[in-house]
>>> print(open('query-v1.txt').read())   # compact mmCIF, C-alpha atoms
# COMPACT_ATOMS: atom_id res chain seq x y z
CA MET A 1 105.49 110.51 106.51
CA LEU A 2 107.43 112.06 103.61
CA THR A 3 104.93 110.32 101.37
CA ASN A 4 102.14 112.28 103.07
CA ILE A 5 103.87 115.55 102.18
CA LEU A 6 104.32 114.55 98.54
CA ILE A 7 100.67 113.46 98.30
CA THR A 8 99.51 116.77 99.83
CA VAL A 9 101.57 118.82 97.36
CA ALA A 10 100.27 116.71 94.46
CA LEU A 11 96.68 117.24 95.62
CA LEU A 12 97.35 120.97 95.88
CA LEU A 13 98.45 121.12 92.26
CA ILE A 14 95.57 118.95 91.05
CA THR A 15 93.02 121.04 92.97
CA ALA A 16 94.43 124.25 91.51
CA PHE A 17 94.18 122.80 87.99
CA ILE A 18 90.57 121.66 88.45
CA LEU A 19 89.40 124.91 90.04
CA SER A 20 91.09 126.97 87.34
CA ARG A 21 88.93 125.15 84.79
CA VAL A 22 85.76 125.68 86.83
CA PHE A 23 86.31 129.36 87.74
CA VAL A 24 87.63 131.82 85.17
CA LEU A 25 89.76 134.08 87.35
CA PRO A 26 93.07 135.97 86.95
CA ARG A 27 96.29 133.95 86.98
CA ASN A 28 97.39 135.67 90.20
CA ILE A 29 94.63 133.86 92.10
CA TRP A 30 95.98 130.44 91.11
CA LEU A 31 99.57 131.43 91.85
CA LEU A 32 98.49 132.49 95.32
CA PHE A 33 96.45 129.32 95.73
CA ILE A 34 99.55 127.16 95.16
CA SER A 35 102.28 129.25 96.77
CA GLN A 36 100.46 130.42 99.92
CA PRO A 37 100.24 127.01 101.64
CA LEU A 38 103.97 126.47 101.23
CA VAL A 39 104.82 129.48 103.39
CA MET A 40 101.63 129.42 105.50
CA SER A 41 102.80 126.05 106.86
CA SER A 42 104.90 127.96 109.38
CA ALA A 43 101.82 128.92 111.42
CA PRO A 44 100.53 125.33 111.90
CA ILE A 45 104.06 124.27 112.79
CA ILE A 46 104.34 126.89 115.54
CA VAL A 47 100.83 126.10 116.78
CA PHE A 48 101.53 122.35 116.79
CA ILE A 49 105.01 122.18 118.32
CA GLY A 50 105.60 125.74 119.58
CA GLY A 51 103.96 125.20 122.94
CA ILE A 52 105.31 121.66 123.34
CA LEU A 53 108.88 122.71 122.51
CA SER A 54 108.63 125.82 124.66
CA THR A 55 107.55 123.90 127.77
CA LYS A 56 110.91 122.10 127.55
CA MET A 57 113.02 125.20 126.83
CA ALA A 58 111.31 127.92 128.90
CA SER A 59 112.15 128.34 132.58
CA ASP A 60 108.48 129.03 133.36
CA PRO A 61 105.91 126.63 131.78
CA SER A 62 103.26 129.37 131.76
CA LEU A 63 105.33 131.08 129.04
CA ALA A 64 104.80 128.12 126.72
CA THR A 65 102.36 130.04 124.54
CA LEU A 66 104.65 133.08 124.26
CA PRO A 67 106.13 132.06 120.87
CA ILE A 68 102.63 131.68 119.42
CA THR A 69 101.70 135.06 120.87
CA LEU A 70 104.83 136.67 119.45
CA MET A 71 104.08 135.17 116.05
CA ILE A 72 100.65 136.79 116.08
CA LEU A 73 102.09 140.03 117.47
CA GLY A 74 104.49 139.96 114.54
CA VAL A 75 101.53 139.81 112.18
CA ALA A 76 99.96 142.79 113.98
CA ALA A 77 103.22 144.75 114.02
CA GLY A 78 103.88 144.02 110.36
CA ALA A 79 100.36 144.83 109.14
CA ILE A 80 100.84 148.58 108.68
CA PRO A 81 104.38 148.37 107.19
CA ALA A 82 103.17 145.61 104.83
CA ALA A 83 100.27 147.74 103.59
CA MET A 84 102.43 150.83 103.18
CA LEU A 85 105.16 148.91 101.37
CA ALA A 86 102.54 147.39 99.05
CA LYS A 87 101.18 150.87 98.38
CA ASN A 88 104.61 152.38 97.56
CA LYS A 89 106.43 149.41 95.99
CA GLY A 90 103.64 147.10 94.85
CA ARG A 91 102.23 143.83 96.17
CA LYS A 92 104.97 141.69 94.61
CA PHE A 93 107.80 143.59 96.30
CA ALA A 94 105.92 143.41 99.59
CA VAL A 95 105.33 139.67 99.39
CA TYR A 96 109.01 139.01 98.69
CA THR A 97 109.87 141.08 101.74
CA GLY A 98 107.56 138.87 103.79
CA LEU A 99 109.01 135.68 102.34
CA PHE A 100 112.49 136.92 103.21
CA PHE A 101 111.43 137.47 106.83
CA SER A 102 109.95 133.96 106.93
CA LEU A 103 113.15 132.42 105.55
CA ILE A 104 115.31 134.23 108.12
CA ALA A 105 112.86 133.11 110.83
CA ALA A 106 113.23 129.47 109.76
CA LEU A 107 117.02 129.70 109.95
CA ILE A 108 116.90 131.27 113.42
CA ALA A 109 114.42 128.58 114.53
CA ILE A 110 116.88 125.88 113.45
CA ILE A 111 119.59 127.42 115.62
CA SER A 112 117.26 127.97 118.58
CA ALA A 113 116.06 124.35 118.56
CA LYS A 114 119.61 123.09 118.07
CA LEU A 115 120.91 125.11 121.05
CA ALA A 116 117.66 124.91 123.08
CA ILE A 117 117.47 128.71 123.50
CA PHE A 118 113.89 129.76 124.28
CA GLU A 119 114.53 133.47 123.69
CA LEU A 120 115.94 132.78 120.22
CA PHE A 121 112.96 130.59 119.39
CA SER A 122 110.66 133.41 120.50
CA LEU A 123 112.50 135.79 118.14
CA ALA A 124 112.04 133.34 115.28
CA SER A 125 108.31 133.17 116.03
CA LEU A 126 108.09 136.97 115.96
CA LEU A 127 109.79 137.05 112.56
CA PHE A 128 107.45 134.35 111.26
CA GLY A 129 104.61 136.63 112.25
CA ILE A 130 106.09 139.65 110.49
CA GLY A 131 106.49 137.56 107.34
CA GLY A 132 102.91 136.38 107.78
CA ALA A 133 101.67 139.99 107.85
CA PHE A 134 102.79 140.40 104.26
CA THR A 135 101.19 137.11 103.25
CA GLN A 136 97.90 138.15 104.87
CA GLN A 137 97.81 141.26 102.67
CA LEU A 138 97.55 139.07 99.58
CA ARG A 139 93.84 138.50 100.19
CA PHE A 140 93.38 142.20 99.51
CA ALA A 141 95.41 141.92 96.31
CA ALA A 142 93.00 139.19 95.24
CA ILE A 143 90.01 141.40 96.04
CA GLU A 144 91.52 144.23 93.99
CA SER A 145 91.90 141.94 90.96
CA SER A 146 88.17 141.19 90.87
CA LEU A 147 86.15 142.80 88.10
CA ASP A 148 82.85 142.36 89.92
CA ASP A 149 82.22 142.97 93.63
CA GLU A 150 79.96 139.91 93.69
CA ASP A 151 83.04 137.76 92.96
CA ILE A 152 84.75 138.81 96.21
CA PRO A 153 83.29 136.05 98.45
CA LYS A 154 84.11 133.48 95.75
CA ILE A 155 87.72 134.65 95.39
CA LEU A 156 88.20 134.77 99.16
CA SER A 157 86.74 131.27 99.48
CA ILE A 158 89.16 129.91 96.88
CA LEU A 159 92.17 131.47 98.59
CA MET A 160 91.00 130.32 102.03
CA LEU A 161 90.54 126.79 100.65
CA SER A 162 94.28 126.63 99.93
CA GLY A 163 94.82 126.87 103.68
CA VAL A 164 93.62 123.29 104.09
CA PHE A 165 96.86 122.15 102.44
CA ALA A 166 98.87 124.24 104.90
CA ALA A 167 96.89 122.53 107.67
CA PHE A 168 98.24 119.15 106.63
CA LEU A 169 101.67 120.27 105.43
CA GLY A 170 102.63 122.12 108.63
CA PRO A 171 102.31 119.27 111.17
CA GLU A 172 103.72 116.75 108.68
CA ILE A 173 106.74 118.98 108.07
CA ALA A 174 107.20 119.21 111.85
CA LEU A 175 107.21 115.43 112.31
CA VAL A 176 109.09 114.46 109.14
CA GLY A 177 112.01 116.80 109.83
CA LYS A 178 111.91 116.39 113.64
CA ASP A 179 115.16 114.41 113.88
CA TRP A 180 116.94 115.53 110.72
CA ILE A 181 119.24 117.67 112.86
CA THR A 182 120.35 116.47 116.28
CA SER A 183 119.01 118.75 119.01
CA PRO A 184 118.19 118.41 122.74
CA HIS A 185 114.41 118.40 122.26
CA GLY A 186 114.14 117.70 118.52
CA TYR A 187 112.42 119.72 115.76
CA ALA A 188 115.48 121.62 114.50
CA GLY A 189 115.22 119.70 111.23
CA SER A 190 111.53 120.61 110.98
CA PHE A 191 112.46 124.23 110.34
CA LEU A 192 115.08 123.20 107.79
CA LEU A 193 112.37 121.43 105.79
CA LEU A 194 110.13 124.48 106.20
CA ALA A 195 112.90 126.69 104.77
CA VAL A 196 112.90 124.51 101.64
CA PHE A 197 109.16 125.09 101.18
CA ILE A 198 109.58 128.84 101.64
CA LEU A 199 112.21 128.83 98.90
CA PHE A 200 109.80 127.02 96.57
CA SER A 201 107.18 129.69 97.30
CA MET A 202 109.69 132.42 96.44
CA ILE A 203 110.38 130.74 93.10
CA MET A 204 106.67 130.48 92.26
CA MET A 205 105.95 134.11 93.09
CA VAL A 206 108.30 135.24 90.32
CA ALA A 207 105.31 134.86 87.98
CA PHE A 208 103.06 137.06 90.16
CA LYS A 209 102.06 140.37 88.56
CA ASP A 210 100.92 143.46 90.43
CA THR A 211 97.31 144.29 89.65
CA PRO A 212 96.21 147.86 90.38
CA ALA A 213 92.80 148.31 91.91
CA ASN A 214 90.01 149.30 89.57
CA GLU A 215 89.91 153.03 90.25
CA SER A 216 86.79 153.41 88.12
CA LYS A 217 84.76 151.72 90.84
CA VAL A 218 84.97 154.75 93.09
CA SER A 219 85.51 158.45 93.05
CA GLY A 220 86.22 161.16 95.56
CA GLU A 221 89.07 162.14 97.84
CA ALA A 222 90.42 159.94 100.60
CA ARG A 223 88.68 160.50 103.92
CA PRO A 224 90.36 160.61 107.34
CA LEU A 225 90.52 157.24 109.08
CA LYS A 226 88.41 158.48 112.01
CA ILE A 227 85.56 159.23 109.59
CA ILE A 228 85.81 155.81 107.97
CA ALA A 229 85.93 154.08 111.37
CA LYS A 230 82.61 155.64 112.42
CA GLN A 231 80.70 153.87 109.66
CA PRO A 232 78.43 151.04 110.91
CA ILE A 233 79.61 148.72 108.14
CA PHE A 234 83.26 149.24 109.16
CA LEU A 235 82.46 148.45 112.80
CA ILE A 236 80.44 145.37 111.85
CA ALA A 237 83.24 144.09 109.60
CA ILE A 238 86.05 144.62 112.08
CA PHE A 239 84.12 143.30 115.12
CA THR A 240 83.05 140.15 113.27
CA ALA A 241 86.51 139.25 111.98
CA THR A 242 88.41 140.32 115.11
CA ILE A 243 86.29 138.57 117.73
CA GLY A 244 85.96 135.49 115.54
CA PHE A 245 89.73 135.34 115.02
CA ALA A 246 90.65 136.10 118.64
CA LEU A 247 88.32 133.45 120.08
CA MET A 248 89.60 130.87 117.60
CA SER A 249 93.20 131.65 118.55
CA TYR A 250 92.36 131.63 122.27
CA LEU A 251 90.98 128.08 122.22
CA MET A 252 93.33 126.72 119.56
CA THR A 253 96.47 127.93 121.34
CA ALA A 254 95.46 126.26 124.60
CA THR A 255 94.48 122.95 122.99
CA PRO A 256 97.88 121.28 122.28
CA ILE A 257 99.17 122.11 125.76
CA SER A 258 95.94 121.02 127.44
CA MET A 259 95.81 117.78 125.44
CA HIS A 260 99.44 116.67 125.48
CA HIS A 261 101.07 118.42 128.42
CA ILE A 262 98.19 118.40 130.95
CA GLN A 263 95.83 115.58 129.93
CA GLY A 264 98.57 113.26 128.63
CA HIS A 265 97.13 112.53 125.21
CA SER A 266 99.72 111.35 122.68
CA LEU A 267 101.55 113.62 120.26
CA GLN A 268 99.90 111.80 117.35
CA GLU A 269 96.42 112.42 118.81
CA THR A 270 97.27 116.06 119.39
CA LYS A 271 98.57 116.39 115.84
CA TRP A 272 95.35 114.85 114.51
CA VAL A 273 93.18 117.32 116.41
CA ILE A 274 95.21 120.35 115.28
CA GLN A 275 95.34 119.15 111.68
CA SER A 276 91.59 118.52 111.71
CA HIS A 277 90.97 121.98 113.17
CA ILE A 278 93.06 123.83 110.60
CA ALA A 279 91.51 121.76 107.81
CA ALA A 280 88.06 122.68 109.16
CA MET A 281 89.09 126.34 108.97
CA TYR A 282 89.44 126.11 105.20
CA ILE A 283 87.45 123.16 103.79
CA PRO A 284 84.12 125.02 104.22
CA SER A 285 85.39 127.42 101.57
CA LEU A 286 84.28 124.78 99.03
CA PHE A 287 80.70 125.61 100.00
CA THR A 288 80.74 129.20 101.23
CA PRO A 289 80.16 130.77 97.78
CA TRP A 290 76.90 128.80 97.59
CA LEU A 291 76.04 129.59 101.21
CA VAL A 292 76.60 133.31 100.65
CA LYS A 293 74.37 133.18 97.57
CA TYR A 294 71.43 131.68 99.46
CA LEU A 295 71.97 132.78 103.07
CA LYS A 296 73.69 136.11 102.40
CA LEU A 297 76.49 137.38 104.62
CA LYS A 298 74.08 138.08 107.48
CA GLY A 299 72.94 134.45 107.59
CA LEU A 300 76.51 133.17 107.46
CA MET A 301 77.46 135.48 110.34
CA LEU A 302 74.60 134.16 112.48
CA ILE A 303 75.49 130.52 111.76
CA GLY A 304 79.16 131.14 112.60
CA THR A 305 78.22 132.69 115.92
CA LEU A 306 75.85 129.84 116.81
CA ILE A 307 78.59 127.34 115.98
CA TYR A 308 80.89 129.10 118.46
CA THR A 309 78.17 128.62 121.11
CA ILE A 310 78.10 124.88 120.38
CA VAL A 311 81.91 124.78 120.59
CA ALA A 312 81.79 126.12 124.15
CA PHE A 313 79.20 123.50 125.17
CA ILE A 314 81.26 120.61 123.76
CA ALA A 315 84.54 121.90 125.21
CA LEU A 316 82.97 122.05 128.67
CA SER A 317 81.69 118.48 128.39
CA GLY A 318 84.98 116.61 128.92
CA HIS A 319 88.68 116.09 128.19
CA ASP A 320 88.56 113.04 125.90
CA VAL A 321 90.22 113.25 122.50
CA MET A 322 86.83 113.39 120.79
CA HIS A 323 85.73 116.32 122.96
CA TYR A 324 88.77 118.26 121.75
CA TRP A 325 88.31 117.03 118.18
CA TRP A 326 84.67 118.02 117.83
CA ALA A 327 85.21 121.35 119.56
CA LEU A 328 88.17 122.23 117.34
CA ILE A 329 86.44 121.05 114.15
CA LEU A 330 83.44 123.29 114.80
CA LEU A 331 85.72 126.11 115.93
CA GLY A 332 87.42 126.01 112.54
CA ILE A 333 84.12 126.07 110.64
CA GLY A 334 82.79 128.96 112.73
CA TRP A 335 86.01 130.90 112.15
CA ASN A 336 85.76 130.36 108.39
CA PHE A 337 82.27 131.85 108.26
CA LEU A 338 83.06 134.84 110.50
CA PHE A 339 86.37 135.69 108.84
CA LEU A 340 84.85 135.48 105.36
CA VAL A 341 81.97 137.76 106.41
CA GLY A 342 84.25 140.34 108.04
CA THR A 343 86.68 140.42 105.10
CA SER A 344 83.87 140.61 102.53
CA LEU A 345 82.18 143.50 104.32
CA LEU A 346 85.35 145.56 104.80
CA PRO A 347 85.63 146.80 101.17
CA GLN A 348 82.16 148.33 101.55
CA SER A 349 83.63 150.77 104.06
CA TYR A 350 86.38 152.35 101.94
CA HIS A 351 87.10 153.98 98.59
CA SER A 352 89.91 152.69 96.43
CA SER A 353 92.21 155.53 97.45
CA GLU A 354 91.66 154.62 101.12
CA ARG A 355 92.19 150.87 100.78
CA HIS A 356 95.74 150.54 102.10
CA LYS A 357 95.24 152.44 105.35
CA VAL A 358 91.93 150.73 106.06
CA GLN A 359 93.36 147.28 105.30
CA ALA A 360 96.36 148.02 107.51
CA THR A 361 94.14 149.21 110.35
CA ASN A 362 91.94 146.14 110.02
CA ASP A 363 94.87 143.72 110.22
CA PHE A 364 96.57 145.63 113.04
CA VAL A 365 93.43 145.42 115.19
CA LEU A 366 92.62 141.86 114.11
CA PHE A 367 96.00 140.34 114.85
CA GLY A 368 96.67 142.56 117.85
CA PHE A 369 93.62 141.12 119.61
CA GLN A 370 94.50 137.63 118.38
CA ALA A 371 97.96 137.99 119.95
CA ALA A 372 96.47 139.12 123.27
CA ALA A 373 94.09 136.16 123.20
CA SER A 374 96.84 133.61 122.55
CA LEU A 375 99.01 135.02 125.36
CA LEU A 376 96.08 135.06 127.75
CA ALA A 377 95.27 131.45 126.84
CA GLY A 378 98.48 130.14 128.41
CA TRP A 379 98.00 132.09 131.63
CA VAL A 380 94.33 131.10 132.02
CA LEU A 381 95.09 127.45 131.17
CA PHE A 382 97.84 127.08 133.78
CA THR A 383 95.95 129.16 136.34
CA GLY A 384 92.39 127.87 136.09
CA GLY A 385 92.49 124.94 133.68
CA TRP A 386 90.77 124.15 130.37
CA HIS A 387 87.27 124.83 131.66
CA TRP A 388 88.16 128.40 132.57
CA VAL A 389 89.60 128.93 129.11
CA VAL A 390 86.21 128.01 127.68
CA ILE A 391 84.11 129.89 130.27
CA THR A 392 86.01 133.13 129.70
CA SER A 393 85.20 132.93 125.98
CA LEU A 394 81.44 133.09 126.58
CA PRO A 395 81.14 136.91 127.00
CA PHE A 396 82.75 137.42 123.60
CA ILE A 397 80.34 134.99 121.95
CA LEU A 398 77.56 137.15 123.43
CA VAL A 399 79.16 140.23 121.84
CA LEU A 400 79.14 138.44 118.48
CA LEU A 401 75.40 137.80 118.86
CA ILE A 402 74.90 141.52 119.51
CA VAL A 403 76.89 142.36 116.36
CA VAL A 404 74.67 140.00 114.34
CA LEU A 405 71.58 141.80 115.66
CA TYR A 406 73.15 145.19 114.92
CA TYR A 407 73.92 144.13 111.32
CA HIS A 408 70.33 142.95 110.89
CA LEU A 409 68.96 146.30 112.12
CA TYR A 410 71.46 148.21 109.96
CA GLN A 411 70.32 146.38 106.82
CA LYS A 412 66.66 147.05 107.66
CA LYS A 413 67.47 150.75 108.05
CA LEU A 414 69.19 150.83 104.64
CA ALA A 415 66.23 149.06 103.03
CA ILE A 416 63.82 151.64 104.47
CA GLU A 417 65.97 154.56 103.29
CA GLU A 418 66.07 153.15 99.76
>>> encode(input="query-v1.txt", output="structure tokens")
Amino acid sequence: MLTNILITVALLLITAFILSRVFVLPRNIWLLFISQPLVMSSAPIIVFIGGILSTKMASDPSLATLPITLMILGVAAGAIPAAMLAKNKGRKFAVYTGLFFSLIAALIAIISAKLAIFELFSLASLLFGIGGAFTQQLRFAAIESSLDDEDIPKILSILMLSGVFAAFLGPEIALVGKDWITSPHGYAGSFLLLAVFILFSMIMMVAFKDTPANESKVSGEARPLKIIAKQPIFLIAIFTATIGFALMSYLMTATPISMHHIQGHSLQETKWVIQSHIAAMYIPSLFTPWLVKYLKLKGLMLIGTLIYTIVAFIALSGHDVMHYWWALILLGIGWNFLFLVGTSLLPQSYHSSERHKVQATNDFVLFGFQAAASLLAGWVLFTGGWHWVVITSLPFILVLLIVVLYYHLYQKKLAIEE
């Protein structure tokens, strides 16, 4: 299994080298491409083993998804401080603050798994989320480094592609380090190995340089947030990304527990499904620049929403491994399209001087709803079962379809006015 980790890291470096020759982009993009998966591995680890470990440590099994929820709440809670710190101290200072939080979280997770203390493990998950909030802000740093607005989808796609390596690293780290440190339920050593990867990321980010936004792109004074939030393009961007992210989290969080704890599928099968899902979240980024060029963002939004509809149909069809696998694969692809669209549209709603508060608001709403969805997933799963988890997602898919229609009408209105 250690071989799998070494191969994944080698492929990450090779991919970064090849892409850097294909796309002429700032060095920061390639630093982020390599270093992000090393620290982003914490999220797949918590998703993969968080629920399984928590069912053994928590007094109430319905609280099994609480650590995942707290991790996402941490991202929401850290969104505004991360943006403000980046504004006042620079992106590099902010990212090191986030990496520090992630390192402390890994150390606390080691102790919690060693002593089998659920509350301590929940605290570690919260701190992982806070660290993740700072990492999430780096996509905006990448956007700000672009010289042409048309490059934004391409840059976002490249950064999102790096997530596929985190998809494979996270679960492998969890299993490779599982028994490195003796603990009642295992996995204490998993977080020790994760801490090593976080340290490597900290070393790499030494070469990162703050890139100020191109102030020449805009002019004018900063507007109040309530004015910005009334813009149709802001609402379209935030609804698309938030609902897409929340639904993905809702189904993904319930999957490992439903598969392994309720349906009795093996840990290896569960790992395969989760790895495949997270890979599917990022692999489409190889093709999304081309898709955006020919289908435009509106077309990509529609396809992402229709994919979510197919996910619900497959998930309701059965409990076999392949039902879960296909549903989670398509869920990842749909998320990729919707998140890319929402993030690409957001810069159209703000001036450069407004970017930090709008980005912070976006992430606070996005991850706040994602946290609520992940917490609700555990309660619905243990109360009504997997089918109810899927059925309760249907109204939100309908809302996404309405947003697609609204975006279409909005673009027609702009075309007429021009």
>>> residues_around(input="query-v1.txt", residues="stretch 372-379 of chain A", least_positions_apart="4", cutoff="8 Å", atoms="all atoms listed in the file", output="list in words")
Ser62, Leu63, Ala64, Thr65, Leu66, Ile68, Thr69, Ala246, Leu247, Ser249, Tyr250, Leu251, Thr253, Ala254, Gly368, Thr383 and Val389 of chain A
>>> write_last_selection(input="query-v1.txt", atoms="C-alpha atoms", output="JSON list (two decimals), keeping the file's coordinate frame")
[["chain", "number", "residue", "atom", "x", "y", "z"],
["A", 62, "SER", "CA", 103.26, 129.37, 131.76],
["A", 63, "LEU", "CA", 105.33, 131.08, 129.04],
["A", 64, "ALA", "CA", 104.80, 128.12, 126.72],
["A", 65, "THR", "CA", 102.36, 130.04, 124.54],
["A", 66, "LEU", "CA", 104.65, 133.08, 124.26],
["A", 68, "ILE", "CA", 102.63, 131.68, 119.42],
["A", 69, "THR", "CA", 101.70, 135.06, 120.87],
["A", 246, "ALA", "CA", 90.65, 136.10, 118.64],
["A", 247, "LEU", "CA", 88.32, 133.45, 120.08],
["A", 249, "SER", "CA", 93.20, 131.65, 118.55],
["A", 250, "TYR", "CA", 92.36, 131.63, 122.27],
["A", 251, "LEU", "CA", 90.98, 128.08, 122.22],
["A", 253, "THR", "CA", 96.47, 127.93, 121.34],
["A", 254, "ALA", "CA", 95.46, 126.26, 124.60],
["A", 368, "GLY", "CA", 96.67, 142.56, 117.85],
["A", 383, "THR", "CA", 95.95, 129.16, 136.34],
["A", 389, "VAL", "CA", 89.60, 128.93, 129.11]]
>>> axis_aligned_box(input="query-v1.txt", around="stretch 11-18 of chain A", padding_each_side="5 Å", output="JSON")
{"center_x": 94.5, "center_y": 120.7, "center_z": 91.9, "size_x": 17.9, "size_y": 17.0, "size_z": 17.9}
>>> residues_around(input="query-v1.txt", residues="A:Met205", least_positions_apart="3", cutoff="12 Å", atoms="all atoms listed in the file", output="short mmCIF file (atom, residue, chain, number, x, y, z; two decimals) with C-alpha atoms, in the coordinates of the input")
data_model
loop_
_atom_site.label_atom_id
_atom_site.label_comp_id
_atom_site.auth_asym_id
_atom_site.auth_seq_id
_atom_site.Cartn_x
_atom_site.Cartn_y
_atom_site.Cartn_z
CA ARG A 27 96.29 133.95 86.98
CA ASN A 28 97.39 135.67 90.20
CA ILE A 29 94.63 133.86 92.10
CA TRP A 30 95.98 130.44 91.11
CA LEU A 31 99.57 131.43 91.85
CA LEU A 32 98.49 132.49 95.32
CA PHE A 33 96.45 129.32 95.73
CA ILE A 34 99.55 127.16 95.16
CA SER A 35 102.28 129.25 96.77
CA GLN A 36 100.46 130.42 99.92
CA LEU A 38 103.97 126.47 101.23
CA VAL A 39 104.82 129.48 103.39
CA ARG A 91 102.23 143.83 96.17
CA LYS A 92 104.97 141.69 94.61
CA PHE A 93 107.80 143.59 96.30
CA ALA A 94 105.92 143.41 99.59
CA VAL A 95 105.33 139.67 99.39
CA TYR A 96 109.01 139.01 98.69
CA THR A 97 109.87 141.08 101.74
CA GLY A 98 107.56 138.87 103.79
CA LEU A 99 109.01 135.68 102.34
CA THR A 135 101.19 137.11 103.25
CA LEU A 138 97.55 139.07 99.58
CA ILE A 198 109.58 128.84 101.64
CA LEU A 199 112.21 128.83 98.90
CA PHE A 200 109.80 127.02 96.57
CA SER A 201 107.18 129.69 97.30
CA MET A 202 109.69 132.42 96.44
CA PHE A 208 103.06 137.06 90.16
CA LYS A 209 102.06 140.37 88.56
CA ASP A 210 100.92 143.46 90.43
#
>>> closest_residue(input="query-v1.txt", among="A:Val365, A:Ile238, A:Ile416, A:Leu306", to="A:Ala76", atoms="all atoms listed in the file")
A:Val365
>>> residues_around(input="query-v1.txt", residues="A:Phe140", least_positions_apart="6", cutoff="10 Å", atoms="only C-alpha atoms", output="ChimeraX atom specification")
/A:83,91,152,156,213,343,347,355-356,359
>>> closest_residue(input="query-v1.txt", among="A:Ala113, A:Val321, A:Ala167, A:Ile108", to="A:Pro37", atoms="only C-alpha atoms")
A:Ala167
>>> atom_distance(input="query-v1.txt", atom1="atom CA of A:Ile397", atom2="atom CA of A:Phe168")
28.4 Å
>>> residues_near_point(input="query-v1.txt", point="(89.8, 162.1, 103.1)", cutoff="12 Å", atoms="all atoms listed in the file", output="JSON, numbers by chain")
{"A": [219, 220, 221, 222, 223, 224, 225, 226, 227, 228, 350, 351, 352, 353, 354, 355, 357, 358]}
